[in-house]
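Inspection log for the structure reproduced underneath, given as structure tokens.
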Amino acid sequence: QVQLVESGGGSVQAGGSLRLSCVVSGVTSNKYWMGWFRQAPGREREGVAAIRIGANSIYYADSVKGRFTVSHDMAKNTVDLQMNSLRSEDTAMYYCAARIQFGGTWYWYRDSDYTHWGQGTQVTVSS
């Protein structure tokens, strides 16, 4: 079965960097979507970035463009999120998610369009 395990969260001061990693296992397709989402206390979960594994398609939320970079490490089969110039408003629980099946209308930033989720990793940015 598909399993996603995040790591790399922690506490950092504003302006600092963190790198999140999501180990992906159990996916038999070589083309699928991976997304990074975050949820701050009292707020809805929001899409941060998405990448299509096996193709050159990447999306970012406007709030993180130019600061965050999503990538796929084929050798390790991880999807990483490099976060630079972190701000206090980036504080949240971060989740990776997978969308395995294709077809139909979907949106990379909509969490209900993803079928598998990791357990999350906490990112805290202090100002």
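Quick note on naming: the chains in the structure tokens go A, B, ... in the order shown, residues restart at 1 in each chain, and ligands are numbered from 1 in order of appearance.
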Taking only residues of region 51-76 of chain A that have an atom at most 9 Å from an atom of region 13-34 of chain A, what is each one's shortest atom pair and its distance in Å to one decimal, using only C-alpha atoms, in chain and number order, as JSON lines?
{"residue": "A:Ile51", "atom": "CA", "partner": "A:Met34", "partner_atom": "CA", "distance": 5.4}
{"residue": "A:Arg52", "atom": "CA", "partner": "A:Trp33", "partner_atom": "CA", "distance": 4.4}
{"residue": "A:Ile53", "atom": "CA", "partner": "A:Lys31", "partner_atom": "CA", "distance": 5.2}
{"residue": "A:Gly54", "atom": "CA", "partner": "A:Lys31", "partner_atom": "CA", "distance": 4.9}
{"residue": "A:Ala55", "atom": "CA", "partner": "A:Lys31", "partner_atom": "CA", "distance": 7.3}
{"residue": "A:Lys76", "atom": "CA", "partner": "A:Val23", "partner_atom": "CA", "distance": 7.7}
Could you turn the residues from that selection into a file that holds C-alpha atoms, as a compact mmCIF listing (two decimals), in the first residue's frame?
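Dumped everything to result.txt:
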# COMPACT_ATOMS: atom_id res chain seq x y z
CA ILE A 51 4.88 18.29 -8.56
CA ARG A 52 4.01 15.72 -11.18
CA ILE A 53 6.38 12.82 -10.84
CA GLY A 54 7.64 11.70 -14.24
CA ALA A 55 6.82 15.01 -15.96
CA LYS A 76 15.77 8.15 -2.82
Find the residues around Trp108 (chain A) up to 10 Å (only C-alpha atoms counted), leave out those fewer than 4 positions away in its own chain, and share them as a list in words.
Trp33, Met34, Gly35, Trp36, Gly47, Val48, Ala49, Ala50, Ile51, Arg52, Ile58, Tyr59, Tyr60, Ala61, Arg99, Ser112, Asp113 and Tyr114 of chain A
Write out the residues from the selection above, keeping all heavy atoms, as a short mmCIF file (atom, residue, chain, number, x, y, z; two decimals), in the first residue's frame.
data_model
loop_
_atom_site.label_atom_id
_atom_site.label_comp_id
_atom_site.auth_asym_id
_atom_site.auth_seq_id
_atom_site.Cartn_x
_atom_site.Cartn_y
_atom_site.Cartn_z
N TRP A 33 0.98 12.56 -9.02
CA TRP A 33 1.17 13.88 -8.44
C TRP A 33 1.48 13.77 -6.96
O TRP A 33 0.91 12.94 -6.25
CB TRP A 33 -0.10 14.72 -8.62
CG TRP A 33 -0.27 15.28 -9.98
CD1 TRP A 33 -0.92 14.72 -11.03
CD2 TRP A 33 0.23 16.54 -10.44
NE1 TRP A 33 -0.87 15.55 -12.13
CE2 TRP A 33 -0.16 16.67 -11.80
CE3 TRP A 33 0.97 17.57 -9.85
CZ2 TRP A 33 0.15 17.80 -12.56
CZ3 TRP A 33 1.28 18.68 -10.61
CH2 TRP A 33 0.88 18.78 -11.94
N MET A 34 2.37 14.64 -6.51
CA MET A 34 2.66 14.79 -5.09
C MET A 34 2.44 16.24 -4.70
O MET A 34 2.87 17.15 -5.42
CB MET A 34 4.10 14.40 -4.78
CG MET A 34 4.38 12.91 -4.91
SD MET A 34 3.49 11.93 -3.68
CE MET A 34 4.15 12.63 -2.15
N GLY A 35 1.79 16.43 -3.59
CA GLY A 35 1.55 17.78 -3.11
C GLY A 35 2.07 17.98 -1.70
O GLY A 35 2.19 17.03 -0.93
N TRP A 36 2.39 19.23 -1.40
CA TRP A 36 2.70 19.64 -0.03
C TRP A 36 1.60 20.59 0.42
O TRP A 36 1.26 21.54 -0.30
CB TRP A 36 4.05 20.34 0.05
CG TRP A 36 5.22 19.41 0.09
CD1 TRP A 36 6.02 19.04 -0.95
CD2 TRP A 36 5.72 18.72 1.24
NE1 TRP A 36 6.99 18.17 -0.52
CE2 TRP A 36 6.83 17.95 0.82
CE3 TRP A 36 5.35 18.66 2.58
CZ2 TRP A 36 7.56 17.15 1.69
CZ3 TRP A 36 6.07 17.87 3.44
CH2 TRP A 36 7.16 17.13 3.01
N GLY A 47 -2.91 24.30 0.02
CA GLY A 47 -1.87 23.76 -0.84
C GLY A 47 -0.68 24.71 -0.90
O GLY A 47 -0.86 25.92 -1.03
N VAL A 48 0.50 24.14 -0.80
CA VAL A 48 1.74 24.93 -0.83
C VAL A 48 2.44 24.74 -2.18
O VAL A 48 2.85 25.71 -2.80
CB VAL A 48 2.66 24.49 0.32
CG1 VAL A 48 4.00 25.19 0.21
CG2 VAL A 48 2.01 24.78 1.66
N ALA A 49 2.57 23.48 -2.59
CA ALA A 49 3.26 23.19 -3.84
C ALA A 49 2.85 21.80 -4.31
O ALA A 49 2.39 20.98 -3.52
CB ALA A 49 4.78 23.25 -3.66
N ALA A 50 3.01 21.56 -5.60
CA ALA A 50 2.73 20.24 -6.15
C ALA A 50 3.68 19.96 -7.30
O ALA A 50 4.11 20.89 -8.00
CB ALA A 50 1.28 20.13 -6.62
N ILE A 51 3.98 18.69 -7.49
CA ILE A 51 4.88 18.29 -8.56
C ILE A 51 4.36 17.00 -9.17
O ILE A 51 3.89 16.10 -8.47
CB ILE A 51 6.32 18.10 -8.02
CG1 ILE A 51 7.28 17.70 -9.15
CG2 ILE A 51 6.38 17.08 -6.89
CD1 ILE A 51 8.75 17.74 -8.72
N ARG A 52 4.43 16.94 -10.51
CA ARG A 52 4.01 15.72 -11.18
C ARG A 52 5.26 14.85 -11.37
O ARG A 52 6.19 15.24 -12.08
CB ARG A 52 3.37 16.00 -12.53
CG ARG A 52 2.90 14.72 -13.20
CD ARG A 52 2.08 14.97 -14.42
NE ARG A 52 1.78 13.72 -15.11
CZ ARG A 52 1.05 13.62 -16.21
NH1 ARG A 52 0.52 14.71 -16.74
NH2 ARG A 52 0.84 12.45 -16.77
N ILE A 58 5.06 21.71 -12.18
CA ILE A 58 5.20 22.13 -10.78
C ILE A 58 4.30 23.34 -10.56
O ILE A 58 4.20 24.21 -11.42
CB ILE A 58 6.67 22.49 -10.46
CG1 ILE A 58 7.54 21.23 -10.44
CG2 ILE A 58 6.76 23.20 -9.11
CD1 ILE A 58 9.01 21.51 -10.20
N TYR A 59 3.68 23.37 -9.40
CA TYR A 59 2.84 24.50 -9.01
C TYR A 59 3.24 24.98 -7.62
O TYR A 59 3.66 24.18 -6.79
CB TYR A 59 1.36 24.11 -8.99
CG TYR A 59 0.79 23.72 -10.33
CD1 TYR A 59 0.60 22.38 -10.66
CD2 TYR A 59 0.45 24.69 -11.26
CE1 TYR A 59 0.07 22.02 -11.88
CE2 TYR A 59 -0.08 24.33 -12.49
CZ TYR A 59 -0.26 22.99 -12.80
OH TYR A 59 -0.78 22.64 -14.02
N TYR A 60 3.06 26.28 -7.39
CA TYR A 60 3.31 26.87 -6.08
C TYR A 60 2.17 27.81 -5.72
O TYR A 60 1.60 28.48 -6.58
CB TYR A 60 4.61 27.69 -6.08
CG TYR A 60 5.86 26.88 -6.26
CD1 TYR A 60 6.51 26.84 -7.49
CD2 TYR A 60 6.41 26.17 -5.20
CE1 TYR A 60 7.66 26.09 -7.67
CE2 TYR A 60 7.58 25.42 -5.36
CZ TYR A 60 8.18 25.39 -6.60
OH TYR A 60 9.33 24.65 -6.76
N ALA A 61 1.89 27.88 -4.45
CA ALA A 61 0.98 28.91 -3.96
C ALA A 61 1.70 30.26 -4.08
O ALA A 61 2.92 30.35 -3.94
CB ALA A 61 0.61 28.63 -2.51
N ARG A 99 -1.56 11.93 -5.26
CA ARG A 99 -2.73 11.70 -6.11
C ARG A 99 -2.30 10.69 -7.17
O ARG A 99 -1.50 11.02 -8.05
CB ARG A 99 -3.20 13.00 -6.77
CG ARG A 99 -4.35 12.80 -7.75
CD ARG A 99 -4.81 14.11 -8.35
NE ARG A 99 -5.70 13.92 -9.48
CZ ARG A 99 -7.01 13.77 -9.38
NH1 ARG A 99 -7.58 13.81 -8.19
NH2 ARG A 99 -7.77 13.60 -10.45
N SER A 112 -8.91 17.57 -1.08
CA SER A 112 -9.80 16.44 -1.34
C SER A 112 -9.47 15.71 -2.64
O SER A 112 -9.98 14.60 -2.87
CB SER A 112 -11.27 16.90 -1.37
OG SER A 112 -11.45 17.88 -2.38
N ASP A 113 -8.62 16.29 -3.46
CA ASP A 113 -8.23 15.63 -4.71
C ASP A 113 -7.04 14.69 -4.53
O ASP A 113 -6.60 14.07 -5.49
CB ASP A 113 -7.88 16.69 -5.77
CG ASP A 113 -9.12 17.36 -6.33
OD1 ASP A 113 -10.19 16.72 -6.34
OD2 ASP A 113 -9.03 18.52 -6.76
N TYR A 114 -6.53 14.60 -3.32
CA TYR A 114 -5.42 13.70 -3.04
C TYR A 114 -5.93 12.51 -2.23
O TYR A 114 -6.82 12.65 -1.39
CB TYR A 114 -4.31 14.44 -2.28
CG TYR A 114 -3.61 15.46 -3.13
CD1 TYR A 114 -4.22 16.69 -3.39
CD2 TYR A 114 -2.37 15.21 -3.69
CE1 TYR A 114 -3.60 17.63 -4.19
CE2 TYR A 114 -1.73 16.16 -4.48
CZ TYR A 114 -2.36 17.36 -4.73
OH TYR A 114 -1.74 18.29 -5.53
#
Let me make sure I understand: among A:Asp90, A:Gln101, A:Gln119, A:Asn84, which one has the smallest atom-to-atom distance to Gly66 (chain A) if we use only C-alpha atoms?
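Comparing A:Asp90, A:Gln101, A:Gln119, A:Asn84 against Gly66 (chain A), the winner is A:Asn84.
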What's the separation between CA of Asp62 (chain A) and CA of Ala98 (chain A), in Å to one decimal place?
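Pair CA of Asp62 (chain A) / CA of Ala98 (chain A) returns 21.0 Å.
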Report the distance between CA of Phe68 (chain A) and CA of Gln1 (chain A) in Å, rounded to one decimal place.
29.2 Å
Leaving out Tyr94 (chain A) and any residue of its chain fewer than 5 positions from it, which residues lie within 9 Å of it when counting only C-alpha atoms, given as a list of chain:residue names?
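In the requested form, the answer reads A:Glu6, A:Gly9, A:Leu20, A:Trp36, A:Phe37, A:Arg38, A:Gln39, A:Ala40, A:Gln119, A:Gly120, A:Thr121, A:Gln122, A:Val123.
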Could you check how far CA of Ser63 (chain A) sits from CA of Ile100 (chain A), in Å to one decimal?
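Atom-to-atom, CA of Ser63 (chain A) to CA of Ile100 (chain A), that is 26.0 Å.
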Proximity to Tyr95 (chain A) - best of A:Asn56, A:Gly10, A:His116, A:Thr69, only C-alpha atoms
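That would be A:His116, the residue with the smallest distance to Tyr95 (chain A).
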Which one of A:Thr91, A:Asp73, A:Thr78, A:Val2 sits closest to Ser126 (chain A) if you count only C-alpha atoms?
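Smallest separation from Ser126 (chain A) among the options: A:Thr91.
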Please return as an mmCIF file with N, CA and C atoms, in the first residue's frame: the residues of region 72-127 of chain A that backbone DSSP assigns to strand (DSSP E or B).
data_model
loop_
_atom_site.group_PDB
_atom_site.id
_atom_site.type_symbol
_atom_site.label_atom_id
_atom_site.label_comp_id
_atom_site.auth_asym_id
_atom_site.auth_seq_id
_atom_site.Cartn_x
_atom_site.Cartn_y
_atom_site.Cartn_z
ATOM 1 N N HIS A 72 11.876 16.296 -6.770
ATOM 2 C CA HIS A 72 11.767 14.845 -6.627
ATOM 3 C C HIS A 72 13.151 14.237 -6.738
ATOM 4 N N ASP A 73 13.524 13.453 -5.743
ATOM 5 C CA ASP A 73 14.791 12.732 -5.774
ATOM 6 C C ASP A 73 14.469 11.294 -6.180
ATOM 7 N N THR A 78 12.063 10.370 -2.835
ATOM 8 C CA THR A 78 11.511 11.354 -1.907
ATOM 9 C C THR A 78 11.043 12.574 -2.689
ATOM 10 N N VAL A 79 10.099 13.259 -2.122
ATOM 11 C CA VAL A 79 9.675 14.565 -2.622
ATOM 12 C C VAL A 79 10.040 15.567 -1.536
ATOM 13 N N ASP A 80 10.876 16.515 -1.901
ATOM 14 C CA ASP A 80 11.426 17.442 -0.925
ATOM 15 C C ASP A 80 10.845 18.837 -1.108
ATOM 16 N N LEU A 81 10.783 19.564 -0.022
ATOM 17 C CA LEU A 81 10.336 20.952 -0.047
ATOM 18 C C LEU A 81 11.399 21.795 0.644
ATOM 19 N N GLN A 82 12.157 22.517 -0.149
ATOM 20 C CA GLN A 82 13.160 23.431 0.381
ATOM 21 C C GLN A 82 12.487 24.760 0.682
ATOM 22 N N MET A 83 12.565 25.177 1.927
ATOM 23 C CA MET A 83 11.883 26.399 2.352
ATOM 24 C C MET A 83 12.920 27.414 2.806
ATOM 25 N N ALA A 92 3.156 26.084 10.651
ATOM 26 C CA ALA A 92 2.027 25.183 10.404
ATOM 27 C C ALA A 92 2.505 23.742 10.490
ATOM 28 N N MET A 93 1.542 22.835 10.487
ATOM 29 C CA MET A 93 1.849 21.433 10.275
ATOM 30 C C MET A 93 1.884 21.220 8.759
ATOM 31 N N TYR A 94 2.946 20.599 8.280
ATOM 32 C CA TYR A 94 3.104 20.377 6.850
ATOM 33 C C TYR A 94 2.890 18.904 6.540
ATOM 34 N N TYR A 95 2.129 18.665 5.475
ATOM 35 C CA TYR A 95 1.792 17.310 5.052
ATOM 36 C C TYR A 95 2.172 17.105 3.589
ATOM 37 N N CYS A 96 2.634 15.908 3.274
ATOM 38 C CA CYS A 96 2.740 15.554 1.867
ATOM 39 C C CYS A 96 1.563 14.647 1.527
ATOM 40 N N ALA A 97 1.196 14.686 0.270
ATOM 41 C CA ALA A 97 0.031 13.936 -0.190
ATOM 42 C C ALA A 97 0.274 13.440 -1.606
ATOM 43 N N ALA A 98 -0.389 12.344 -1.952
ATOM 44 C CA ALA A 98 -0.236 11.758 -3.285
ATOM 45 C C ALA A 98 -1.584 11.647 -3.975
ATOM 46 N N ARG A 99 -1.557 11.930 -5.265
ATOM 47 C CA ARG A 99 -2.733 11.705 -6.111
ATOM 48 C C ARG A 99 -2.302 10.693 -7.170
ATOM 49 N N HIS A 116 -3.812 9.953 -0.670
ATOM 50 C CA HIS A 116 -2.950 9.396 0.368
ATOM 51 C C HIS A 116 -2.201 10.527 1.052
ATOM 52 N N TRP A 117 -2.053 10.396 2.368
ATOM 53 C CA TRP A 117 -1.461 11.471 3.168
ATOM 54 C C TRP A 117 -0.435 10.932 4.144
ATOM 55 N N THR A 121 4.520 17.010 9.592
ATOM 56 C CA THR A 121 5.703 17.441 10.346
ATOM 57 C C THR A 121 5.540 18.915 10.666
ATOM 58 N N GLN A 122 5.845 19.277 11.900
ATOM 59 C CA GLN A 122 5.591 20.637 12.370
ATOM 60 C C GLN A 122 6.733 21.577 11.990
ATOM 61 N N VAL A 123 6.353 22.731 11.490
ATOM 62 C CA VAL A 123 7.310 23.808 11.205
ATOM 63 C C VAL A 123 6.893 25.024 12.028
ATOM 64 N N THR A 124 7.824 25.534 12.821
ATOM 65 C CA THR A 124 7.566 26.706 13.646
ATOM 66 C C THR A 124 8.606 27.760 13.337
ATOM 67 N N VAL A 125 8.135 28.934 12.936
ATOM 68 C CA VAL A 125 9.028 30.045 12.600
ATOM 69 C C VAL A 125 8.789 31.161 13.603
ATOM 70 N N SER A 126 9.821 31.537 14.301
ATOM 71 C CA SER A 126 9.693 32.591 15.302
ATOM 72 C C SER A 126 10.259 33.892 14.754
#
Extract the full set of helix (DSSP H, G or I) residues from region 2-118 of chain A according to DSSP on the backbone, and format it as a ChimeraX atom specification.
/A:88-90,111-113
So, with only C-alpha atoms as the atoms that count, which of A:Gln3, A:Ser11, A:Ser88, A:Asn77 lies closest to Ser127 (chain A)?
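The closest residue to Ser127 (chain A) is A:Ser88.
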When you count only C-alpha atoms, which of these residues is closest to Asp111 (chain A): A:Lys65, A:Val12, A:Arg45, A:Arg87?
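Once distances to Asp111 (chain A) are computed over only C-alpha atoms, the minimum belongs to A:Arg45.
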